[in-house]
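S.K.: Structure incoming, see below.
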Amino acid sequence: MSDWPPVYDDRYRPAPGSRYWFKDRERQDPEAREQGILGKIRAVMAWAWERAPFYREKWRAAGLEPGDIQSLDDFRKVPIVTKEDLREDQAAHPPFGSYLAIPREEVFHIHGTSGTTGKPTAFAIGRDDWRRIANTHARIMWGFGLRPSDTVFFGSFFSLYMGGWGALAGAERLGATAFPFGAGVPGQTLIAIKWLREMKPSAFYSTPSYGLYVADKARGEGIDPREFGLRILFFSGEPGAGIPSTKRRIEEAYGGICLDTGSMAEMTPWMTNAECEFRTGMHLWQDIVYAELLHPESRELIPFGKEGVPVYTHLERTSQPMIRLWSGDLATWTDDPCECGRTYPRLPKGIYGRVDDMFTVRGENIYPSAIEEVLRGIRGVGEEYRIIVSREESMDELVVQAEYRGEAGAPEGLRREMETRLRAVLGVRTTVQLVPPDQLERTEFKARRVIDNRNLFRELTTR
């Protein structure tokens with residue numbers, strides 16, 4: 001591999017029995033690794049300074065230029081970038097913004113956001129970057145146990161959504177058999193179940209919600225999901241695979257191991273947050289994408305063991321490089337050793353929420369992931385649920401609608417158990433409404449389960 005930007009040998013693969021793709025790099029002393037990270041930071045900043053007016057103007061306004069960054073402490077002075085900054089820049093400089101740092105004719109793939117929560121953001125990925133993404137994802141997939149002998153079923157949207165494409169590129173580069181089935185077409189899940197039963201792939205990729213949905217549908221057809229023979233199930237797009245009770249439910253359903261992966265589509269190769277085969281939380285592959293955890297308010301670097309917001313920097317990307325991109329997610333990090341021997345820091349509980357997903361009910365801060373952890377851990381609760389926050393007069397009310405399973409017995413006892421456990425964990429009274437199986441809407445993409453009706457109450461009472 002050359003110095004920067006790196007060029008990988010697409011023919012390389014480690015020996016099948018090796019745990020590591022690049023053993024020395026993955027087990028490197030963290031302090032020595034930081035010197036290499038600093039060199040890559042300086043290189044990507046110099047690249048962006050010369051080619052991306054977005055960064056040059058932002059850094060000049062802060063009184064900085066790439067040559068000023070002589071240490072990682074210096075790097076903390078570099079201004080943070082937000083998704084709103086990217087949207088505004090693309091609106092002013094369509095279609096890819098003034099942070100596109102390669103010629104337009106070198107763009108190989110176009111992806112982006114759906115725009116469901118605002119103006120869509122376009123992602124432009126160069127051909128050389130695509131090769132680096134494939135090599136990175138292959139390396140990380142190898143780290144959680146995927147091998148060329150595996151067949152990988154992709155139950156993912158193949159559209160603007162980046163997740164499925166990035167995972168597919170990695171599996172192909174690794175040499176595994178790709179089974180890009182897709183998702184989203186009416187009736188496709190029942191067809192997927194037939195193909196899974198027939199082909200018996202050894203690995204499965206989707207969002208956690210869709211993985212649970214497929215298992216539920218299979219059982220409804222009288223098929224045990226363990227018949228598919230899946231050894232590895234890896235997920236992105238939602239926090240679910242990092243939530244212990246959801247992970248346990250997936251593993252019990254399929255009989256394979258459940259792995260959490262993913263950061264942000266803008267940060268592709270997004271799989272640089274990923275669990276290894278020991279499933280002790282997501283490793284941060286710092287030599288590919290550099291992650292810092294910052295305090296949500298002060299934006300200062302936090303020590304290991306504390307909760308913060310991941311901020312990411314591409315170290316190998318030339319097209320639309322992200323330099324200190326604020327994720328808005330919440331995680332806790334650690335540098336405790338992992339049994340796999342890799343020396344990267346980890347997110348032991350994965351990404352379990354977002355700063356803007358947290359809501360407050362009667363003075364208590366509540367994260368949707370905490371509710372999911374409770375529900376998935378109670379026998380008799382079905383696969384789907386909704387969280388509804390409403391207001392009666394001046395009091396906030398928290399309602400959880402959840403399906404019960406057919407074998408649950410008397411739902412009333414189940415409802416009382418759910419309310420008791422939710423109150424113990426959340427600190428506020430929660431009303432549980434049990435509904436029969438298959439009554440709540442399913443999704444084959446990212447689930448949206450929180451409904452906040454308090455603004456509707458305010459609007460009605462202020463007219």
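Chain identifiers are assigned as A, B, and so on, following the order in which chains appear in the structure tokens; residues are numbered from 1 within each chain, and ligands are numbered from 1 in order of appearance.
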Identify, with DSSP run on backbone atoms, the residues in region 226-283 of chain A assigned to helix (DSSP H, G or I), and express the list as a VMD selection string.

M.R.: chain A and resid 226 to 228 240 to 242 244 to 254 265 to 267 270 to 272

S.K.: Got time to write the residues from that selection, C-alpha atoms, as a compact mmCIF listing (two decimals), in the first residue's frame?

M.R.:
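Generated file (part_27.txt):
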```
# COMPACT_ATOMS: atom_id res chain seq x y z
CA ARG A 226 -33.17 -22.21 12.25
CA GLU A 227 -33.88 -24.33 9.18
CA PHE A 228 -32.14 -21.66 7.09
CA GLY A 240 -31.24 -3.04 17.68
CA ALA A 241 -28.36 -5.47 17.08
CA GLY A 242 -26.42 -3.81 19.90
CA PRO A 244 -28.71 -7.23 24.48
CA SER A 245 -32.31 -8.45 24.56
CA THR A 246 -32.78 -7.84 20.81
CA LYS A 247 -29.46 -9.56 20.04
CA ARG A 248 -30.55 -12.50 22.18
CA ARG A 249 -33.93 -12.69 20.45
CA ILE A 250 -32.30 -12.74 16.99
CA GLU A 251 -29.79 -15.41 18.03
CA GLU A 252 -32.49 -17.57 19.58
CA ALA A 253 -34.64 -17.25 16.45
CA TYR A 254 -31.95 -18.20 13.93
CA ALA A 265 -23.85 6.57 5.39
CA GLU A 266 -21.83 9.77 4.96
CA MET A 267 -18.90 7.97 6.57
CA TRP A 270 -19.54 2.76 7.39
CA MET A 271 -18.59 -0.70 8.66
CA THR A 272 -15.57 0.74 10.53
```

S.K.: If you count only C-alpha atoms, which residues fall within 8 Å of Pro16 (chain A), apart from same-chain ones fewer than 2 positions away, as an MDAnalysis selection string?

M.R.: chainID A and resid 14 18 147

S.K.: Taking only C-alpha atoms into account, which of A:Gly143, A:Pro120, A:Pro180, A:Pro436 comes nearest Glu84 (chain A)?

M.R.: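 Closest to Glu84 (chain A) of all the choices is A:Pro120.
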
S.K.: Using only C-alpha atoms, find the one residue out of A:Gly380, A:Gly220, A:Gly350, A:Pro296 that sits nearest to Met282 (chain A).

M.R.: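 The answer is A:Gly350, which sits nearest to Met282 (chain A).
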
S.K.: Can you tell me which residues surround Phe54 (chain A) at a distance of at most 9 Å, considering only C-alpha atoms, apart from same-chain residues fewer than 5 positions away, and format the answer as a JSON list (two decimals) with C-alpha atoms, in the first residue's frame?

M.R.:
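Output file result.json is given in full below:
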```json
[["chain", "number", "residue", "atom", "x", "y", "z"],
["A", 48, "ALA", "CA", -9.38, 18.81, 1.02],
["A", 49, "TRP", "CA", -7.66, 22.21, 1.38],
["A", 59, "TRP", "CA", -10.80, 26.38, 8.28],
["A", 89, "ASP", "CA", -23.58, 23.52, 1.06],
["A", 97, "GLY", "CA", -21.59, 20.46, -2.69],
["A", 98, "SER", "CA", -18.26, 22.25, -2.65],
["A", 99, "TYR", "CA", -16.78, 19.44, -0.53],
["A", 100, "LEU", "CA", -16.56, 17.12, -3.55]]
```

S.K.: Please provide the set of residues having any atom within 9 Å of region 131-138 of chain A, restricted to only C-alpha atoms, with same-chain residues fewer than 4 positions apart removed, written as an MDAnalysis selection string.

M.R.: chainID A and resid 6:10 21 126:127 142:143 146 166:175 268:272 288 316:317

S.K.: Find the spatial neighbours of Gly256 (chain A), counting only C-alpha atoms, within a cut-off of 7 Å - ignore same-chain residues fewer than 2 positions away - and output them as a list of chain:residue names.

M.R.: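 Using only C-alpha atoms, the neighbours found are A:Leu230, A:Arg231, A:Ile232, A:Leu233, A:Glu251, A:Tyr254, A:Cys258.
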
S.K.: What does the distance from CA of Trp285 (chain A) to CA of Pro201 (chain A) come to in Å, to one decimal?

M.R.: 27.4 Å

S.K.: Could you list, as a PyMOL selection string, every residue within 8 Å of region 150-153 of chain A, counting only C-alpha atoms and ignoring same-chain residues fewer than 2 positions away?

M.R.: chain A and resi 146-148+155+171+176-181+196+201-205

S.K.: Could you give me the residues within region 328-376 of chain A that DSSP places in strand (DSSP E or B), as a list of chain:residue names?

M.R.: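 DSSP on the backbone gives strand (DSSP E or B) at A:Asp329, A:Leu330, A:Ala331, A:Thr332, A:Thr334, A:Arg346, A:Leu347, A:Ile351, A:Tyr352, A:Gly353, A:Arg354, A:Phe359, A:Thr360, A:Val361, A:Glu364, A:Asn365, A:Ile366.
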
S.K.: Can you work out which one of A:Leu64, A:Gln286, A:Asp3, A:Phe157 has the shortest atom-to-atom distance to Ala32 (chain A), counting only C-alpha atoms?

M.R.: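 That would be A:Gln286, the residue with the smallest distance to Ala32 (chain A).
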
S.K.: Could you check the closest approach to Trp4 (chain A) for each of A:Lys194, A:Arg449, A:Lys40, A:Arg76 and tell me which residue wins, using only C-alpha atoms?

M.R.: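 Ranking A:Lys194, A:Arg449, A:Lys40, A:Arg76 by distance to Trp4 (chain A), first place goes to A:Lys40.
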
S.K.: Using only C-alpha atoms, tabulate the residues of region 264-331 of chain A lying at most 9 Å from any atom of region 341-348 of chain A, each with its closest atom pair and that distance in Å to one decimal, by chain and increasing residue number, as a tab-separated table.

M.R.:
```
residue	atom	partner	partner_atom	distance
A:Asn273	CA	A:Leu347	CA	8.3
A:Ala274	CA	A:Arg346	CA	8.8
A:Glu275	CA	A:Arg346	CA	8.6
A:Arg279	CA	A:Pro348	CA	8.8
A:Thr280	CA	A:Pro348	CA	5.8
A:Gly281	CA	A:Pro348	CA	3.9
A:Met282	CA	A:Leu347	CA	5.0
A:His283	CA	A:Arg346	CA	4.3
A:Leu284	CA	A:Arg346	CA	5.7
A:Trp285	CA	A:Tyr344	CA	6.1
A:Gln286	CA	A:Tyr344	CA	6.7
A:Asp287	CA	A:Tyr344	CA	9.0
A:Phe304	CA	A:Pro345	CA	8.8
A:Ala331	CA	A:Leu347	CA	6.4
```

S.K.: Could you dump the residues just selected with C-alpha atoms as a PDB file, in the first residue's frame?

M.R.:
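Full text of result10.pdb as output:
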```
ATOM      1  CA  ASN A 273     -17.804   0.478  13.608  1.00  0.00           C
ATOM      2  CA  ALA A 274     -18.283  -3.284  13.899  1.00  0.00           C
ATOM      3  CA  GLU A 275     -18.314  -6.147  16.350  1.00  0.00           C
ATOM      4  CA  ARG A 279     -19.530  -9.641  20.259  1.00  0.00           C
ATOM      5  CA  THR A 280     -18.253  -7.384  23.037  1.00  0.00           C
ATOM      6  CA  GLY A 281     -19.301  -4.177  21.317  1.00  0.00           C
ATOM      7  CA  MET A 282     -18.276  -2.436  18.125  1.00  0.00           C
ATOM      8  CA  HIS A 283     -14.573  -1.942  17.477  1.00  0.00           C
ATOM      9  CA  LEU A 284     -13.614   1.480  16.118  1.00  0.00           C
ATOM     10  CA  TRP A 285     -11.203   0.728  13.264  1.00  0.00           C
ATOM     11  CA  GLN A 286      -9.286   3.930  13.882  1.00  0.00           C
ATOM     12  CA  ASP A 287      -6.722   3.496  11.125  1.00  0.00           C
ATOM     13  CA  PHE A 304     -12.927   6.197  28.190  1.00  0.00           C
ATOM     14  CA  ALA A 331     -22.400   5.795  22.782  1.00  0.00           C
TER      15      ALA A 331
END
```
